[in-house]
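A.B. asks: Here's a structure for you.
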Amino acid sequence: MPDLSVTNWFGDVVSHPQVIVEANTVDDIVAVMKDPAKYPSPVRAVGSNHSTAPCGVAEGGTLIKMKMNRILNIGADTLTVEAGAIHLDLSKELEKHNLQFYVNTEIGRLSAGSAACAGTKDASMPGEYGQVGSYIIGVKMVLPNGDLLEVTEDKDPDLMQKVRSSYGTFGIIYQVTYRIRQLLPMDVHHKTFSVAEFTKTLPELIALDYSIMYYIFPFVDKITVEFRKYNPGATGEPNRSAWALRNHLWGTTGPKLGHDIEQKISIPAIRYGVIDSFGAVWRFQLEELVKSPNTIPGDQIIEYPPVSDDSRYTFSLFAFAEKDFPKILGEFFQFSKDYYKQKGYRTNLLYVGYRILKDQKALLSYSWDENIMTIDPVSTANPGWQDYLVAYNQFCAERNGKPLLNQTPKLTPEMVKKALGDRWKIFADTRRQFDPNGRLLNEYFKTLLA
């Protein structure tokens, strides 16, 4: 067999499948499932492969690259597409019809198939969910034996709930139907707080009934909050430059700066001094320029290149109960400073986080029990990142943090069991019913399910 090697988008998760299949039709997927001799297990499917955890790795098996990307139907409140369709492309097409997604998540290369069965993150708009999959109401998939199955929220809400967090371990999804909405103007503005101010006023900020996302700067004790809210009364032409600036700084300039500084400045005090100075510029730009009473929600979606370059970054996340977050945030600031003092390591970008409302649309939802707030370190994977993730995971697990299986690297079975409890057993039992022979089960999920 040829020596095949595939990485995730960032480049730090490597897979060595025996076979790679480009799926252009559902028959291509069926052929894989029905011929295990030619297409060995495990069988995994990927879209743009942005996951930071190895959920899409098919070591020694068969990797399916989803090329099916057609829009099949745009209705008044639904959108049906093939699983390889990309969110940024879909958002632009919806805008032409005066429509939009409910959740306009940042990663523009998110594929519909991934959104339908894996976790995502975005700050909940007032009264809404913050995960893309919560607005997916139907899928069609190829089962491990090659049979086809359609699951819809109307006919089988219990199974649809499980499929939304099945991570491709029940079957390979090839068609997805979203619930969508009419396009609405959106207000956005930013405000910076000290960590003490933020934790003290958080209940008041929540009472304002805005979406809350935030940029965390532990080494200067600051946090900049992004407030979003639909503004149907907005007049005039929408501001298309505010999000464009945010996207360029966040998706290109910031990571490139972090990468280059890491390469060129060897003295930590100087290197991180430059990074902290960029953080000050970033806060200024957010407060003064990324603000408008009339923006287009889809403009939040960032167009990342299909193949990553020196502007790439990686990340992790844990979610915490909203009621505990003020205390945990303060402890995290201290943890970050102590870790840098003891180990000489800190991320070369910043941290972000999201407030996400209680959501039981997916079985493994990280906000299943209550509203949550996240802490998400971001890095270009500068030296020390991998060891840092181990310590970060331990910090979060000790505070009852909830991970995302596709976006939280270096999880242990104990962490997952503690976080998900009985829901993890339900997932394991359901997965086994769909795939008793482990056709779709790679080492990552096999280890977590042990």
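Identifiers in the structure tokens: chain A, B, ... in order shown; residue index from 1 per chain; ligand index from 1 in order shown.
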Mind dumping a table of every stretch 31-126 of chain A residue within 12 Å of stretch 177-196 of chain A, with the nearest atom pair and its distance in Å to one decimal, using only C-alpha atoms, sorted by chain and rising number, as JSON lines?

C.D. replies:
{"residue": "A:Ile71", "atom": "CA", "partner": "A:Thr177", "partner_atom": "CA", "distance": 10.2}
{"residue": "A:Leu72", "atom": "CA", "partner": "A:Thr177", "partner_atom": "CA", "distance": 9.5}
{"residue": "A:Asn73", "atom": "CA", "partner": "A:Thr177", "partner_atom": "CA", "distance": 9.0}
{"residue": "A:Ile74", "atom": "CA", "partner": "A:Ile180", "partner_atom": "CA", "distance": 9.3}
{"residue": "A:Gly75", "atom": "CA", "partner": "A:Ile180", "partner_atom": "CA", "distance": 8.8}
{"residue": "A:Ala76", "atom": "CA", "partner": "A:Arg181", "partner_atom": "CA", "distance": 7.8}
{"residue": "A:Asp77", "atom": "CA", "partner": "A:Ile180", "partner_atom": "CA", "distance": 4.9}
{"residue": "A:Thr78", "atom": "CA", "partner": "A:Arg179", "partner_atom": "CA", "distance": 4.6}
{"residue": "A:Leu79", "atom": "CA", "partner": "A:Tyr178", "partner_atom": "CA", "distance": 5.1}
{"residue": "A:Thr80", "atom": "CA", "partner": "A:Thr177", "partner_atom": "CA", "distance": 4.2}
{"residue": "A:Val81", "atom": "CA", "partner": "A:Thr177", "partner_atom": "CA", "distance": 6.5}
{"residue": "A:Glu82", "atom": "CA", "partner": "A:Thr177", "partner_atom": "CA", "distance": 8.8}
{"residue": "A:Ala83", "atom": "CA", "partner": "A:Thr177", "partner_atom": "CA", "distance": 9.6}
{"residue": "A:Ala85", "atom": "CA", "partner": "A:Thr177", "partner_atom": "CA", "distance": 11.5}
{"residue": "A:His87", "atom": "CA", "partner": "A:Tyr178", "partner_atom": "CA", "distance": 11.4}
{"residue": "A:Leu90", "atom": "CA", "partner": "A:Tyr178", "partner_atom": "CA", "distance": 11.0}
{"residue": "A:Ser91", "atom": "CA", "partner": "A:Ile180", "partner_atom": "CA", "distance": 10.3}
{"residue": "A:Lys92", "atom": "CA", "partner": "A:Leu183", "partner_atom": "CA", "distance": 11.5}
{"residue": "A:Glu93", "atom": "CA", "partner": "A:Leu183", "partner_atom": "CA", "distance": 11.9}
{"residue": "A:Leu94", "atom": "CA", "partner": "A:Leu183", "partner_atom": "CA", "distance": 8.5}
{"residue": "A:Glu95", "atom": "CA", "partner": "A:Leu183", "partner_atom": "CA", "distance": 7.1}
{"residue": "A:Lys96", "atom": "CA", "partner": "A:Leu183", "partner_atom": "CA", "distance": 9.8}
{"residue": "A:His97", "atom": "CA", "partner": "A:Leu183", "partner_atom": "CA", "distance": 8.6}
{"residue": "A:Asn98", "atom": "CA", "partner": "A:Leu183", "partner_atom": "CA", "distance": 5.2}
{"residue": "A:Leu99", "atom": "CA", "partner": "A:Gln182", "partner_atom": "CA", "distance": 4.4}
{"residue": "A:Gln100", "atom": "CA", "partner": "A:Leu183", "partner_atom": "CA", "distance": 5.1}
{"residue": "A:Phe101", "atom": "CA", "partner": "A:Ile180", "partner_atom": "CA", "distance": 5.1}
{"residue": "A:Tyr102", "atom": "CA", "partner": "A:Ile180", "partner_atom": "CA", "distance": 6.0}
{"residue": "A:Val103", "atom": "CA", "partner": "A:Ile180", "partner_atom": "CA", "distance": 9.2}
{"residue": "A:Asn104", "atom": "CA", "partner": "A:Ile180", "partner_atom": "CA", "distance": 10.9}
{"residue": "A:Ala112", "atom": "CA", "partner": "A:Thr177", "partner_atom": "CA", "distance": 8.8}
{"residue": "A:Gly113", "atom": "CA", "partner": "A:Thr177", "partner_atom": "CA", "distance": 10.1}
{"residue": "A:Ala115", "atom": "CA", "partner": "A:Tyr178", "partner_atom": "CA", "distance": 10.0}
{"residue": "A:Ala116", "atom": "CA", "partner": "A:Thr177", "partner_atom": "CA", "distance": 8.8}
{"residue": "A:Met125", "atom": "CA", "partner": "A:Met186", "partner_atom": "CA", "distance": 10.3}
{"residue": "A:Pro126", "atom": "CA", "partner": "A:Met186", "partner_atom": "CA", "distance": 11.8}

A.B. asks: Find the spatial neighbours of A:Pro203, counting only C-alpha atoms, within a cut-off of 12 Å - ignore same-chain residues fewer than 4 positions away - and output them as a ChimeraX atom specification.

C.D. replies: /A:197-199,207-209,212,322-326

A.B. asks: Excluding same-chain residues fewer than 2 positions from stretch 344-350 of chain A, what lies within 7 Å of it counting only C-alpha atoms, as a VMD selection string?

C.D. replies: chain A and resid 216 to 217 255 258 275 339 to 342 352 377 to 380 382 384

A.B. asks: What's the 12 Å shell around A:Leu449, counting only C-alpha atoms, without same-chain residues fewer than 6 positions away, as a ChimeraX atom specification?

C.D. replies: /A:169,405,411-417,420,424-429,431-432,438,441-443

A.B. asks: Taking the DSSP assignment computed from this structure's backbone, write out as a PyMOL selection string all residues of stretch 153-327 of chain A that belong to helix (DSSP H, G or I).

C.D. replies: chain A and resi 157-163+195-207+218-220+241-264+268-288+297-300+322-327

A.B. asks: Hey, what's within 9 Å of A:Leu363 if we count only C-alpha atoms and toss same-chain stuff fewer than 5 positions away? As a tab-separated table (two decimals) with N, CA and C atoms, in the first residue's frame, please?

C.D. replies:
chain	number	residue	atom	x	y	z
A	158	ASP	N	-35.68	11.70	19.62
A	158	ASP	CA	-34.71	11.07	20.52
A	158	ASP	C	-33.46	10.64	19.76
A	161	GLN	N	-31.45	13.62	18.54
A	161	GLN	CA	-30.65	14.17	19.64
A	161	GLN	C	-29.32	13.43	19.76
A	162	LYS	N	-29.34	12.13	19.58
A	162	LYS	CA	-28.13	11.33	19.69
A	162	LYS	C	-27.23	11.52	18.47
A	163	VAL	N	-27.84	11.61	17.29
A	163	VAL	CA	-27.06	11.79	16.07
A	163	VAL	C	-26.27	13.09	16.10
A	164	ARG	N	-26.85	14.13	16.70
A	164	ARG	CA	-26.19	15.45	16.71
A	164	ARG	C	-24.84	15.42	17.42
A	165	SER	N	-24.59	14.42	18.24
A	165	SER	CA	-23.27	14.31	18.88
A	165	SER	C	-22.72	12.90	18.69
A	166	SER	N	-22.93	12.33	17.51
A	166	SER	CA	-22.46	10.98	17.23
A	166	SER	C	-21.04	10.95	16.66
A	368	TRP	N	-25.76	20.95	28.66
A	368	TRP	CA	-26.93	20.10	28.91
A	368	TRP	C	-27.65	20.49	30.20
A	423	ARG	N	-24.80	10.12	30.31
A	423	ARG	CA	-24.97	10.38	28.87
A	423	ARG	C	-23.86	9.70	28.05
A	424	TRP	N	-22.70	9.54	28.64
A	424	TRP	CA	-21.61	8.87	27.94
A	424	TRP	C	-21.93	7.38	27.76
A	426	ILE	N	-25.02	6.16	27.54
A	426	ILE	CA	-26.07	6.10	26.52
A	426	ILE	C	-25.45	6.21	25.13
A	427	PHE	N	-24.49	7.11	24.99
A	427	PHE	CA	-23.79	7.24	23.71
A	427	PHE	C	-23.11	5.92	23.34

A.B. asks: Between A:Leu440, A:Ile64, A:Ile301, A:Ile356, which is the closest to A:Ser41 once you count only C-alpha atoms?

C.D. replies: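 Under the stated criterion, the closest residue is A:Leu440.
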
A.B. asks: Restricting the calculation to only C-alpha atoms: of A:Ser308, A:Asn393, A:Gln386, A:Asn69, which residue gets closest to A:Phe332?

C.D. replies: A:Asn393

A.B. asks: What is the distance, in Å and to one decimal place, between atom CA of A:Glu150 and atom CA of A:Leu404?

C.D. replies: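 A separation of 25.4 Å between them.
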
A.B. asks: Name the closest residue to A:Asp35 among the candidates A:Asn145, A:Ser111, A:Asn49, A:Thr430; distances are taken between atoms, counting only C-alpha atoms.

C.D. replies: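 Of the candidates, the smallest distance to A:Asp35 is held by A:Asn145.
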
A.B. asks: Taking only C-alpha atoms into account, which of A:Tyr272, A:Tyr392, A:Tyr313, A:Phe434 comes nearest A:Gly11?

C.D. replies: A:Tyr313

A.B. asks: So the first atom is atom CA of A:Glu370 and the second is atom CA of A:Ile296; what is the distance between them in Å, to one decimal place?

C.D. replies: 29.2 Å

A.B. asks: Would you mind listing what lies within 9 Å of A:Trp9 as a list in words, with only C-alpha atoms counted and same-chain residues fewer than 3 positions away left out?

C.D. replies: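 Neighbouring residues, sequence-local ones excluded: Asp12, Val13, Ser48, Asn49, His50, Ser51, Thr52, Pro306, Val307, Ser308 and Arg312 of chain A.
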
A.B. asks: Can I get the selection written as an mmCIF file, in the first residue's frame, with N, CA and C atoms?

C.D. replies:
data_model
loop_
_atom_site.group_PDB
_atom_site.id
_atom_site.type_symbol
_atom_site.label_atom_id
_atom_site.label_comp_id
_atom_site.auth_asym_id
_atom_site.auth_seq_id
_atom_site.Cartn_x
_atom_site.Cartn_y
_atom_site.Cartn_z
ATOM 1 N N ASP A 12 -1.202 19.343 13.231
ATOM 2 C CA ASP A 12 -0.612 18.651 14.380
ATOM 3 C C ASP A 12 -1.310 17.337 14.720
ATOM 4 N N VAL A 13 -2.365 16.977 13.997
ATOM 5 C CA VAL A 13 -3.011 15.677 14.167
ATOM 6 C C VAL A 13 -2.817 14.905 12.862
ATOM 7 N N SER A 48 -13.394 19.656 6.133
ATOM 8 C CA SER A 48 -12.185 20.479 6.078
ATOM 9 C C SER A 48 -11.161 20.081 7.130
ATOM 10 N N ASN A 49 -11.555 19.164 8.029
ATOM 11 C CA ASN A 49 -10.622 18.579 8.996
ATOM 12 C C ASN A 49 -10.048 19.632 9.942
ATOM 13 N N HIS A 50 -10.924 20.474 10.494
ATOM 14 C CA HIS A 50 -10.479 21.527 11.413
ATOM 15 C C HIS A 50 -10.404 21.071 12.866
ATOM 16 N N SER A 51 -10.832 19.871 13.171
ATOM 17 C CA SER A 51 -10.852 19.424 14.569
ATOM 18 C C SER A 51 -9.445 19.449 15.161
ATOM 19 N N THR A 52 -9.354 19.878 16.416
ATOM 20 C CA THR A 52 -8.060 19.901 17.097
ATOM 21 C C THR A 52 -7.794 18.617 17.865
ATOM 22 N N PRO A 306 -8.146 26.883 2.450
ATOM 23 C CA PRO A 306 -8.301 25.425 2.507
ATOM 24 C C PRO A 306 -7.071 24.721 3.077
ATOM 25 N N VAL A 307 -5.881 25.243 2.751
ATOM 26 C CA VAL A 307 -4.629 24.711 3.289
ATOM 27 C C VAL A 307 -4.026 25.769 4.199
ATOM 28 N N SER A 308 -3.711 25.403 5.420
ATOM 29 C CA SER A 308 -3.230 26.393 6.384
ATOM 30 C C SER A 308 -1.843 26.912 6.020
ATOM 31 N N ARG A 312 -2.042 30.158 10.669
ATOM 32 C CA ARG A 312 -2.897 29.161 11.313
ATOM 33 C C ARG A 312 -2.760 29.228 12.832
#
